[in-house]
>>> print(open('upload-v2.cif').read())   # mmCIF, C-alpha atoms (C1' of nucleotides)
data_upload
#
loop_
_atom_site.group_PDB
_atom_site.id
_atom_site.type_symbol
_atom_site.label_atom_id
_atom_site.label_comp_id
_atom_site.auth_asym_id
_atom_site.auth_seq_id
_atom_site.Cartn_x
_atom_site.Cartn_y
_atom_site.Cartn_z
ATOM 1 C CA MET A 1 -8.302 -37.123 22.284
ATOM 2 C CA GLU A 2 -5.035 -35.974 20.855
ATOM 3 C CA ILE A 3 -5.003 -32.782 18.927
ATOM 4 C CA VAL A 4 -2.432 -32.590 16.198
ATOM 5 C CA GLU A 5 -1.636 -29.273 14.645
ATOM 6 C CA ASN A 6 1.066 -28.924 12.072
ATOM 7 C CA GLU A 7 2.137 -25.869 10.132
ATOM 8 C CA GLN A 8 -0.644 -26.260 7.622
ATOM 9 C CA THR A 9 -3.560 -26.746 9.970
ATOM 10 C CA CYS A 10 -2.566 -24.450 12.819
ATOM 11 C CA LYS A 11 -5.264 -21.847 13.198
ATOM 12 C CA LYS A 12 -2.715 -19.145 13.901
ATOM 13 C CA ALA A 13 -0.513 -19.901 10.906
ATOM 14 C CA HIS A 14 -1.380 -16.530 9.464
ATOM 15 C CA LEU A 15 0.472 -14.828 12.317
ATOM 16 C CA ALA A 16 3.754 -16.252 11.041
ATOM 17 C CA ILE A 17 2.848 -15.134 7.527
ATOM 18 C CA GLN A 18 2.121 -11.732 8.987
ATOM 19 C CA ASP A 19 5.576 -11.624 10.570
ATOM 20 C CA THR A 20 7.115 -12.294 7.175
ATOM 21 C CA LEU A 21 5.001 -9.649 5.490
ATOM 22 C CA ASP A 22 6.040 -7.147 8.144
ATOM 23 C CA VAL A 23 9.641 -7.557 6.986
ATOM 24 C CA VAL A 24 9.437 -8.225 3.240
ATOM 25 C CA GLY A 25 5.867 -7.227 2.432
ATOM 26 C CA GLY A 26 4.952 -4.211 0.360
ATOM 27 C CA LYS A 27 5.528 -3.279 -3.213
ATOM 28 C CA TRP A 28 9.314 -3.296 -3.431
ATOM 29 C CA LYS A 29 11.285 -5.331 -0.899
ATOM 30 C CA LEU A 30 11.104 -8.761 -2.505
ATOM 31 C CA ILE A 31 11.773 -7.207 -5.903
ATOM 32 C CA LEU A 32 14.889 -5.489 -4.583
ATOM 33 C CA ILE A 33 16.124 -8.646 -2.887
ATOM 34 C CA SER A 34 15.490 -10.601 -6.062
ATOM 35 C CA ILE A 35 17.569 -8.128 -8.071
ATOM 36 C CA LEU A 36 20.374 -8.105 -5.520
ATOM 37 C CA ARG A 37 20.663 -11.873 -5.855
ATOM 38 C CA ASN A 38 22.564 -11.113 -9.072
ATOM 39 C CA GLY A 39 25.280 -9.413 -7.055
ATOM 40 C CA PRO A 40 25.907 -6.014 -5.481
ATOM 41 C CA PHE A 41 24.296 -3.005 -7.093
ATOM 42 C CA ARG A 42 24.897 0.690 -6.811
ATOM 43 C CA PHE A 43 22.093 3.007 -5.823
ATOM 44 C CA LYS A 44 21.341 4.317 -9.271
ATOM 45 C CA GLU A 45 21.629 0.924 -10.943
ATOM 46 C CA LEU A 46 19.134 -0.469 -8.487
ATOM 47 C CA SER A 47 16.820 2.458 -9.048
ATOM 48 C CA ARG A 48 16.861 1.934 -12.801
ATOM 49 C CA GLU A 49 16.640 -1.855 -12.664
ATOM 50 C CA ALA A 50 13.657 -1.891 -10.301
ATOM 51 C CA GLY A 51 11.961 1.165 -11.763
ATOM 52 C CA ILE A 52 11.768 2.761 -8.353
ATOM 53 C CA THR A 53 12.264 6.425 -7.558
ATOM 54 C CA PRO A 54 15.283 7.418 -5.423
ATOM 55 C CA ARG A 55 13.075 8.707 -2.646
ATOM 56 C CA ILE A 56 11.416 5.333 -2.111
ATOM 57 C CA LEU A 57 14.493 3.265 -2.873
ATOM 58 C CA SER A 58 16.349 5.046 -0.113
ATOM 59 C CA LYS A 59 13.575 4.302 2.360
ATOM 60 C CA GLU A 60 13.238 0.655 1.340
ATOM 61 C CA LEU A 61 16.978 -0.009 1.518
ATOM 62 C CA LYS A 62 17.121 1.539 4.976
ATOM 63 C CA GLU A 63 14.396 -0.810 6.174
ATOM 64 C CA LEU A 64 16.059 -3.838 4.586
ATOM 65 C CA GLU A 65 19.329 -2.833 6.228
ATOM 66 C CA MET A 66 17.649 -2.463 9.622
ATOM 67 C CA ASN A 67 16.280 -5.978 9.271
ATOM 68 C CA GLY A 68 19.718 -7.398 8.501
ATOM 69 C CA LEU A 69 18.953 -8.347 4.915
ATOM 70 C CA VAL A 70 21.098 -5.825 3.056
ATOM 71 C CA THR A 71 24.436 -4.133 3.649
ATOM 72 C CA ARG A 72 25.380 -0.626 2.595
ATOM 73 C CA THR A 73 29.005 0.006 1.686
ATOM 74 C CA VAL A 74 30.397 3.409 0.801
ATOM 75 C CA CYS A 75 33.136 3.085 -1.792
ATOM 76 C CA ASP A 76 36.106 5.447 -1.838
ATOM 77 C CA THR A 77 35.564 6.705 -5.366
ATOM 78 C CA ARG A 78 35.058 10.178 -6.813
ATOM 79 C CA PRO A 79 32.236 10.897 -6.667
ATOM 80 C CA ILE A 80 31.468 8.540 -3.821
ATOM 81 C CA THR A 81 29.500 5.472 -4.815
ATOM 82 C CA VAL A 82 27.500 3.232 -2.551
ATOM 83 C CA GLU A 83 27.137 -0.473 -3.008
ATOM 84 C CA TYR A 84 24.209 -2.455 -1.731
ATOM 85 C CA ALA A 85 24.534 -6.197 -1.278
ATOM 86 C CA LEU A 86 22.614 -9.021 0.320
ATOM 87 C CA THR A 87 23.706 -10.348 3.705
ATOM 88 C CA ASP A 88 24.223 -14.012 4.475
ATOM 89 C CA TYR A 89 21.027 -13.899 6.464
ATOM 90 C CA SER A 90 19.067 -12.886 3.390
ATOM 91 C CA GLU A 91 19.872 -16.333 2.019
ATOM 92 C CA SER A 92 17.253 -17.611 4.478
ATOM 93 C CA LEU A 93 14.676 -16.014 2.190
ATOM 94 C CA SER A 94 15.691 -18.049 -0.824
ATOM 95 C CA GLU A 95 12.838 -20.535 -0.419
ATOM 96 C CA VAL A 96 10.345 -17.691 -0.343
ATOM 97 C CA ILE A 97 11.927 -16.001 -3.336
ATOM 98 C CA MET A 98 12.202 -19.198 -5.352
ATOM 99 C CA ALA A 99 8.652 -20.288 -4.540
ATOM 100 C CA MET A 100 7.340 -16.916 -5.664
ATOM 101 C CA HIS A 101 9.486 -16.968 -8.777
ATOM 102 C CA LYS A 102 8.222 -20.422 -9.666
ATOM 103 C CA TRP A 103 4.584 -19.540 -9.018
ATOM 104 C CA GLY A 104 4.789 -16.327 -11.006
ATOM 105 C CA THR A 105 6.289 -18.163 -13.951
ATOM 106 C CA GLU A 106 3.738 -20.976 -13.879
ATOM 107 C CA HIS A 107 0.824 -18.630 -13.330
ATOM 108 C CA ARG A 108 1.833 -16.595 -16.346
ATOM 109 C CA GLU A 109 1.920 -19.789 -18.430
ATOM 110 C CA ARG A 110 -1.535 -20.705 -17.175
ATOM 111 C CA ILE A 111 -2.949 -17.316 -18.068
ATOM 112 C CA LYS A 112 -1.447 -17.541 -21.565
ATOM 113 C CA LYS A 113 -3.083 -20.927 -22.175
ATOM 114 C CA GLU A 114 -6.503 -19.566 -21.250
ATOM 115 C CA TRP A 115 -6.518 -17.509 -24.457
ATOM 116 C CA MET B 1 31.115 -18.264 -24.633
ATOM 117 C CA GLU B 2 28.110 -20.016 -23.257
ATOM 118 C CA ILE B 3 25.771 -18.025 -21.127
ATOM 119 C CA VAL B 4 23.943 -20.013 -18.493
ATOM 120 C CA GLU B 5 21.032 -18.433 -16.752
ATOM 121 C CA ASN B 6 18.917 -20.357 -14.307
ATOM 122 C CA GLU B 7 16.052 -19.134 -12.175
ATOM 123 C CA GLN B 8 18.341 -17.705 -9.557
ATOM 124 C CA THR B 9 20.764 -15.805 -11.738
ATOM 125 C CA CYS B 10 18.398 -14.614 -14.463
ATOM 126 C CA LYS B 11 18.501 -10.865 -14.517
ATOM 127 C CA LYS B 12 14.758 -10.664 -15.074
ATOM 128 C CA ALA B 13 13.811 -12.995 -12.226
ATOM 129 C CA HIS B 14 12.128 -10.127 -10.495
ATOM 130 C CA LEU B 15 9.534 -9.952 -13.240
ATOM 131 C CA ALA B 16 8.208 -13.366 -12.209
ATOM 132 C CA ILE B 17 8.200 -12.221 -8.592
ATOM 133 C CA GLN B 18 6.298 -9.160 -9.757
ATOM 134 C CA ASP B 19 3.695 -11.363 -11.436
ATOM 135 C CA THR B 20 3.162 -13.181 -8.163
ATOM 136 C CA LEU B 21 2.888 -9.956 -6.205
ATOM 137 C CA ASP B 22 0.318 -8.681 -8.689
ATOM 138 C CA VAL B 23 -1.946 -11.575 -7.684
ATOM 139 C CA VAL B 24 -1.218 -12.208 -4.005
ATOM 140 C CA GLY B 25 0.673 -9.071 -3.021
ATOM 141 C CA GLY B 26 -0.696 -6.448 -0.692
ATOM 142 C CA LYS B 27 -1.625 -6.467 2.919
ATOM 143 C CA TRP B 28 -4.326 -9.122 3.035
ATOM 144 C CA LYS B 29 -4.397 -11.756 0.297
ATOM 145 C CA LEU B 30 -1.833 -14.206 1.639
ATOM 146 C CA ILE B 31 -3.267 -13.828 5.135
ATOM 147 C CA LEU B 32 -6.744 -14.676 3.861
ATOM 148 C CA ILE B 33 -5.495 -17.652 1.884
ATOM 149 C CA SER B 34 -3.576 -18.844 4.915
ATOM 150 C CA ILE B 35 -6.712 -18.686 7.059
ATOM 151 C CA LEU B 36 -8.832 -20.434 4.437
ATOM 152 C CA ARG B 37 -6.399 -23.357 4.466
ATOM 153 C CA ASN B 38 -8.179 -24.382 7.684
ATOM 154 C CA GLY B 39 -11.378 -24.912 5.711
ATOM 155 C CA PRO B 40 -14.249 -22.789 4.396
ATOM 156 C CA PHE B 41 -15.112 -19.638 6.284
ATOM 157 C CA ARG B 42 -18.134 -17.417 6.312
ATOM 158 C CA PHE B 43 -17.771 -13.732 5.592
ATOM 159 C CA LYS B 44 -18.044 -12.542 9.148
ATOM 160 C CA GLU B 45 -15.809 -15.285 10.549
ATOM 161 C CA LEU B 46 -13.149 -14.351 8.051
ATOM 162 C CA SER B 47 -13.501 -10.699 8.895
ATOM 163 C CA ARG B 48 -13.019 -11.372 12.605
ATOM 164 C CA GLU B 49 -10.235 -13.911 12.166
ATOM 165 C CA ALA B 50 -8.167 -11.685 9.885
ATOM 166 C CA GLY B 51 -9.013 -8.421 11.622
ATOM 167 C CA ILE B 52 -10.095 -6.881 8.339
ATOM 168 C CA THR B 53 -13.011 -4.537 7.839
ATOM 169 C CA PRO B 54 -15.942 -5.811 5.728
ATOM 170 C CA ARG B 55 -15.391 -3.147 3.111
ATOM 171 C CA ILE B 56 -11.881 -4.331 2.331
ATOM 172 C CA LEU B 57 -12.601 -8.009 2.852
ATOM 173 C CA SER B 58 -15.282 -7.836 0.181
ATOM 174 C CA LYS B 59 -12.875 -6.235 -2.252
ATOM 175 C CA GLU B 60 -10.040 -8.670 -1.516
ATOM 176 C CA LEU B 61 -12.268 -11.738 -1.854
ATOM 177 C CA LYS B 62 -13.565 -10.486 -5.181
ATOM 178 C CA GLU B 63 -10.025 -10.156 -6.475
ATOM 179 C CA LEU B 64 -9.059 -13.598 -5.184
ATOM 180 C CA GLU B 65 -12.160 -15.039 -6.833
ATOM 181 C CA MET B 66 -11.336 -13.332 -10.134
ATOM 182 C CA ASN B 67 -7.906 -14.918 -10.037
ATOM 183 C CA GLY B 68 -9.345 -18.371 -9.469
ATOM 184 C CA LEU B 69 -8.005 -18.803 -5.958
ATOM 185 C CA VAL B 70 -11.234 -18.641 -3.962
ATOM 186 C CA THR B 71 -14.837 -19.727 -4.512
ATOM 187 C CA ARG B 72 -17.893 -17.939 -3.218
ATOM 188 C CA THR B 73 -20.906 -20.088 -2.352
ATOM 189 C CA VAL B 74 -24.231 -18.681 -1.244
ATOM 190 C CA CYS B 75 -25.886 -21.028 1.259
ATOM 191 C CA ASP B 76 -29.654 -21.404 1.385
ATOM 192 C CA THR B 77 -30.042 -20.398 5.017
ATOM 193 C CA ARG B 78 -32.085 -17.668 6.711
ATOM 194 C CA PRO B 79 -30.546 -15.207 6.726
ATOM 195 C CA ILE B 80 -28.407 -16.114 3.748
ATOM 196 C CA THR B 81 -24.818 -17.018 4.544
ATOM 197 C CA VAL B 82 -21.915 -17.049 2.148
ATOM 198 C CA GLU B 83 -19.085 -19.490 2.340
ATOM 199 C CA TYR B 84 -15.645 -18.781 0.993
ATOM 200 C CA ALA B 85 -13.283 -21.632 0.232
ATOM 201 C CA LEU B 86 -9.995 -22.195 -1.526
ATOM 202 C CA THR B 87 -9.979 -23.623 -5.041
ATOM 203 C CA ASP B 88 -7.845 -26.546 -6.128
ATOM 204 C CA TYR B 89 -5.681 -24.071 -7.995
ATOM 205 C CA SER B 90 -4.874 -22.225 -4.791
ATOM 206 C CA GLU B 91 -3.003 -25.347 -3.736
ATOM 207 C CA SER B 92 -0.332 -24.243 -6.212
ATOM 208 C CA LEU B 93 0.499 -21.491 -3.731
ATOM 209 C CA SER B 94 1.285 -23.902 -0.931
ATOM 210 C CA GLU B 95 5.039 -23.655 -1.452
ATOM 211 C CA VAL B 96 4.855 -19.882 -1.207
ATOM 212 C CA ILE B 97 2.639 -20.016 1.873
ATOM 213 C CA MET B 98 4.737 -22.648 3.598
ATOM 214 C CA ALA B 99 8.002 -20.901 2.827
ATOM 215 C CA MET B 100 6.651 -17.675 4.259
ATOM 216 C CA HIS B 101 5.248 -19.446 7.296
ATOM 217 C CA LYS B 102 8.573 -21.095 7.952
ATOM 218 C CA TRP B 103 10.553 -17.908 7.481
ATOM 219 C CA GLY B 104 8.232 -15.908 9.720
ATOM 220 C CA THR B 105 8.521 -18.485 12.471
ATOM 221 C CA GLU B 106 12.302 -18.722 12.257
ATOM 222 C CA HIS B 107 12.748 -14.972 11.974
ATOM 223 C CA ARG B 108 10.699 -14.457 15.127
ATOM 224 C CA GLU B 109 12.928 -16.959 16.941
ATOM 225 C CA ARG B 110 15.988 -15.118 15.727
ATOM 226 C CA ILE B 111 14.683 -11.784 16.950
ATOM 227 C CA LYS B 112 13.888 -13.273 20.352
ATOM 228 C CA LYS B 113 17.429 -14.596 20.731
ATOM 229 C CA GLU B 114 18.911 -11.183 20.023
ATOM 230 C CA TRP B 115 17.578 -9.969 23.367
ATOM 231 C "C1'" DT C 1 -44.179 -3.239 14.788
ATOM 232 C "C1'" DA C 2 -39.653 -3.338 16.200
ATOM 233 C "C1'" DT C 3 -35.446 -5.622 16.377
ATOM 234 C "C1'" DA C 4 -32.056 -8.793 14.906
ATOM 235 C "C1'" DT C 5 -29.286 -11.537 11.529
ATOM 236 C "C1'" DA C 6 -25.564 -11.860 7.553
ATOM 237 C "C1'" DT C 7 -23.576 -9.994 3.534
ATOM 238 C "C1'" DT C 8 -22.468 -6.683 1.273
ATOM 239 C "C1'" DT C 9 -22.212 -1.559 -0.971
ATOM 240 C "C1'" DG C 10 -21.934 3.710 -0.985
ATOM 241 C "C1'" DT C 11 -19.930 7.653 0.760
ATOM 242 C "C1'" DA C 12 -16.694 10.442 2.891
ATOM 243 C "C1'" DA C 13 -12.756 10.898 5.655
ATOM 244 C "C1'" DC C 14 -8.282 9.618 6.814
ATOM 245 C "C1'" DT C 15 -3.733 7.537 6.405
ATOM 246 C "C1'" DA C 16 -0.075 5.541 3.821
ATOM 247 C "C1'" DC C 17 2.372 5.181 -0.226
ATOM 248 C "C1'" DT C 18 4.565 7.058 -4.266
ATOM 249 C "C1'" DT C 19 6.081 10.446 -7.418
ATOM 250 C "C1'" DA C 20 8.069 14.738 -9.247
ATOM 251 C "C1'" DC C 21 11.051 18.217 -8.591
ATOM 252 C "C1'" DA C 22 14.554 20.865 -6.624
ATOM 253 C "C1'" DC C 23 18.597 20.815 -4.199
ATOM 254 C "C1'" DA C 24 22.928 19.667 -1.212
ATOM 255 C "C1'" DA C 25 27.773 17.739 -0.759
ATOM 256 C "C1'" DA C 26 32.248 16.909 -2.727
ATOM 257 C "C1'" DG C 27 35.100 16.704 -5.770
ATOM 258 C "C1'" DA C 28 36.255 15.870 -11.234
ATOM 259 C "C1'" DA C 29 36.158 17.378 -15.824
ATOM 260 C "C1'" DT C 30 35.860 21.108 -19.341
ATOM 261 C "C1'" DA D 1 33.985 29.436 -13.217
ATOM 262 C "C1'" DT D 2 30.775 26.235 -14.803
ATOM 263 C "C1'" DT D 3 29.105 21.889 -15.331
ATOM 264 C "C1'" DC D 4 28.897 17.020 -14.256
ATOM 265 C "C1'" DT D 5 28.712 12.985 -11.265
ATOM 266 C "C1'" DT D 6 26.451 9.929 -7.406
ATOM 267 C "C1'" DT D 7 23.780 9.477 -3.467
ATOM 268 C "C1'" DG D 8 20.765 10.887 -1.244
ATOM 269 C "C1'" DT D 9 16.951 14.411 1.328
ATOM 270 C "C1'" DG D 10 13.055 18.010 1.686
ATOM 271 C "C1'" DT D 11 8.857 19.458 0.149
ATOM 272 C "C1'" DA D 12 4.586 19.313 -2.002
ATOM 273 C "C1'" DA D 13 1.359 16.968 -4.708
ATOM 274 C "C1'" DG D 14 -1.012 13.060 -6.268
ATOM 275 C "C1'" DT D 15 -2.592 8.188 -5.895
ATOM 276 C "C1'" DA D 16 -3.854 4.156 -3.435
ATOM 277 C "C1'" DG D 17 -5.323 1.785 0.546
ATOM 278 C "C1'" DT D 18 -8.195 1.674 4.648
ATOM 279 C "C1'" DT D 19 -11.604 2.862 7.951
ATOM 280 C "C1'" DA D 20 -16.002 4.331 9.923
ATOM 281 C "C1'" DC D 21 -20.581 4.790 9.337
ATOM 282 C "C1'" DA D 22 -24.978 4.311 7.296
ATOM 283 C "C1'" DA D 23 -27.836 1.755 4.558
ATOM 284 C "C1'" DA D 24 -30.015 -2.115 1.436
ATOM 285 C "C1'" DT D 25 -31.743 -6.780 1.177
ATOM 286 C "C1'" DA D 26 -34.344 -10.555 2.748
ATOM 287 C "C1'" DT D 27 -36.025 -12.921 6.401
ATOM 288 C "C1'" DA D 28 -36.753 -14.569 11.379
ATOM 289 C "C1'" DT D 29 -37.930 -13.622 16.058
ATOM 290 C "C1'" DA D 30 -40.077 -11.165 20.083
#
>>> encode(input="upload-v2.cif", output="structure tokens")
Amino acid sequence: MEIVENEQTCKKAHLAIQDTLDVVGGKWKLILISILRNGPFRFKELSREAGITPRILSKELKELEMNGLVTRTVCDTRPITVEYALTDYSESLSEVIMAMHKWGTEHRERIKKEW
Amino acid sequence: MEIVENEQTCKKAHLAIQDTLDVVGGKWKLILISILRNGPFRFKELSREAGITPRILSKELKELEMNGLVTRTVCDTRPITVEYALTDYSESLSEVIMAMHKWGTEHRERIKKEW
DNA sequence: TATATATTTGTAACTACTTACACAAAGAAT
DNA sequence: ATTCTTTGTGTAAGTAGTTACAAATATATA
């Protein structure tokens, strides 16, 4: 008897999901990536746009940088500014981002219709 | 001047992402949904498979049920067993789940090759 | 009677996450 | 000299998430 296991039926599929969550899980990372898809942002802009405190933003950006999803560029301005931008590799997340964007939009519509 | 904003460039795209995270964000929900895609599970099976303590599993399942993603069925056995299964609506998350599964798998490959 | 099962819940402890606030560095502006 | 800017960090406090453990329920088994 041949056993066929594809992505959907594999019993250990959740391990791959877990790997993804290890990198972009949590409260902020996908939000930050989603914002950065509009182009590079400076630290303070990002903080205001996401509604995240500097303390946490700093930590999150460091982790995203370590995972090769974001670059940090110090600009030679006075005072110094720092620009954060997505890497090419982060483009690999576009399916995830777009799927979540689509679901969020449709789910909101569904909730509205319930009332 | 015409302003064109699609899903990708919309400055408020992260709000839709946020809506999604409000429902399936956190440490466990997508993992649980991913496991339940293999068919209905009983409480204890789910607890063991996900490596989640009963206390938290109970809370997570309640939230998934409230959001119409999971059903809870009490079976007339002795002792009573409870079966958790995905709803039809949860199928709407398949793009999100599959995109995350794919990314996790490919990202793991990429990490392996770095060494 | 004593023990075992499955599905929870209550409580307290513990860890992780997040915020608020102050402050540093390095000039620029007043 | 004083104040302002941006990008952070240090510290302490508060909130949220998680665990460990005991227990409740309802019944079956030894």
>>> interface_residues(input="upload-v2.cif", of="chain D", to="chain A", cutoff="9 Å", atoms="all atoms listed in the file", output="list in words")
DT5, DT6, DT7, DG8 and DT9 of chain D
>>> interface_residues(input="upload-v2.cif", of="chain C", to="chain A", cutoff="8 Å", atoms="all atoms listed in the file", output="list in words")
DT18, DT19, DA26, DG27 and DA28 of chain C
>>> interface_residues(input="upload-v2.cif", of="chain A", to="chain B", cutoff="7 Å", atoms="all atoms listed in the file", output="number ranges by chain")
A: 9, 11, 13-14, 16-20, 26, 31, 34-35, 38, 93, 95-96, 99-101, 103-105
>>> residues_near_point(input="upload-v2.cif", point="(25.0, -4.4, 1.3)", cutoff="10 Å", atoms="all atoms listed in the file", output="PyMOL selection string")
chain A and resi 36+39-42+61+64-65+68-74+82-87
>>> write_last_selection(input="upload-v2.cif", atoms="C-alpha atoms", output="tab-separated table (two decimals), in the frame of the given file")
chain	number	residue	atom	x	y	z
A	36	LEU	CA	20.37	-8.10	-5.52
A	39	GLY	CA	25.28	-9.41	-7.06
A	40	PRO	CA	25.91	-6.01	-5.48
A	41	PHE	CA	24.30	-3.00	-7.09
A	42	ARG	CA	24.90	0.69	-6.81
A	61	LEU	CA	16.98	-0.01	1.52
A	64	LEU	CA	16.06	-3.84	4.59
A	65	GLU	CA	19.33	-2.83	6.23
A	68	GLY	CA	19.72	-7.40	8.50
A	69	LEU	CA	18.95	-8.35	4.92
A	70	VAL	CA	21.10	-5.82	3.06
A	71	THR	CA	24.44	-4.13	3.65
A	72	ARG	CA	25.38	-0.63	2.60
A	73	THR	CA	29.00	0.01	1.69
A	74	VAL	CA	30.40	3.41	0.80
A	82	VAL	CA	27.50	3.23	-2.55
A	83	GLU	CA	27.14	-0.47	-3.01
A	84	TYR	CA	24.21	-2.46	-1.73
A	85	ALA	CA	24.53	-6.20	-1.28
A	86	LEU	CA	22.61	-9.02	0.32
A	87	THR	CA	23.71	-10.35	3.70
>>> atom_distance(input="upload-v2.cif", atom1="atom C1' of DA22 of chain D", atom2="atom CA of Leu57 of chain B")
18.0 Å
>>> resolve_selection(input="upload-v2.cif", expression="the PyMOL selection byres ((chain D and resi 12) around 12)", output="list in words")
DT19, DA20, DC21 and DA22 of chain C; DG10, DT11, DA13 and DG14 of chain D
>>> atom_distance(input="upload-v2.cif", atom1="atom CA of Ser90 of chain A", atom2="atom CA of Lys29 of chain B")
23.7 Å
>>> build_atoms(input="upload-v2.cif", residues="segment 76-96 of chain B", atoms="N, CA and C atoms", output="CSV table (one decimal), keeping the file's coordinate frame")
chain,number,residue,atom,x,y,z
B,76,ASP,N,-28.2,-21.6,1.3
B,76,ASP,CA,-29.7,-21.4,1.4
B,76,ASP,C,-30.1,-21.5,2.8
B,77,THR,N,-29.7,-20.5,3.6
B,77,THR,CA,-30.0,-20.4,5.0
B,77,THR,C,-30.8,-19.1,5.2
B,78,ARG,N,-31.4,-18.9,6.4
B,78,ARG,CA,-32.1,-17.7,6.7
B,78,ARG,C,-31.5,-17.1,8.0
B,79,PRO,N,-30.9,-15.9,7.9
B,79,PRO,CA,-30.5,-15.2,6.7
B,79,PRO,C,-29.5,-15.9,5.9
B,80,ILE,N,-29.4,-15.5,4.7
B,80,ILE,CA,-28.4,-16.1,3.7
B,80,ILE,C,-27.0,-16.0,4.3
B,81,THR,N,-26.2,-17.1,4.2
B,81,THR,CA,-24.8,-17.0,4.5
B,81,THR,C,-24.0,-17.3,3.3
B,82,VAL,N,-22.8,-16.9,3.3
B,82,VAL,CA,-21.9,-17.0,2.1
B,82,VAL,C,-20.6,-17.7,2.6
B,83,GLU,N,-20.3,-18.8,1.9
B,83,GLU,CA,-19.1,-19.5,2.3
B,83,GLU,C,-18.0,-19.3,1.3
B,84,TYR,N,-16.8,-18.9,1.8
B,84,TYR,CA,-15.6,-18.8,1.0
B,84,TYR,C,-14.7,-19.9,1.2
B,85,ALA,N,-14.2,-20.5,0.1
B,85,ALA,CA,-13.3,-21.6,0.2
B,85,ALA,C,-12.2,-21.5,-0.8
B,86,LEU,N,-11.1,-22.2,-0.6
B,86,LEU,CA,-10.0,-22.2,-1.5
B,86,LEU,C,-10.3,-23.1,-2.7
B,87,THR,N,-9.8,-22.8,-3.9
B,87,THR,CA,-10.0,-23.6,-5.0
B,87,THR,C,-8.8,-24.6,-5.1
B,88,ASP,N,-9.0,-25.6,-5.9
B,88,ASP,CA,-7.8,-26.5,-6.1
B,88,ASP,C,-6.6,-25.8,-6.6
B,89,TYR,N,-6.8,-24.8,-7.5
B,89,TYR,CA,-5.7,-24.1,-8.0
B,89,TYR,C,-4.9,-23.4,-6.9
B,90,SER,N,-5.6,-22.9,-5.9
B,90,SER,CA,-4.9,-22.2,-4.8
B,90,SER,C,-3.8,-23.1,-4.1
B,91,GLU,N,-4.0,-24.4,-4.3
B,91,GLU,CA,-3.0,-25.3,-3.7
B,91,GLU,C,-1.6,-25.1,-4.3
B,92,SER,N,-1.6,-24.5,-5.6
B,92,SER,CA,-0.3,-24.2,-6.2
B,92,SER,C,0.5,-23.2,-5.4
B,93,LEU,N,-0.2,-22.5,-4.5
B,93,LEU,CA,0.5,-21.5,-3.7
B,93,LEU,C,1.1,-22.1,-2.4
B,94,SER,N,0.9,-23.4,-2.2
B,94,SER,CA,1.3,-23.9,-0.9
B,94,SER,C,2.8,-23.7,-0.6
B,95,GLU,N,3.6,-23.8,-1.7
B,95,GLU,CA,5.0,-23.7,-1.5
B,95,GLU,C,5.3,-22.2,-1.0
B,96,VAL,N,4.7,-21.3,-1.6
B,96,VAL,CA,4.9,-19.9,-1.2
B,96,VAL,C,4.4,-19.7,0.2
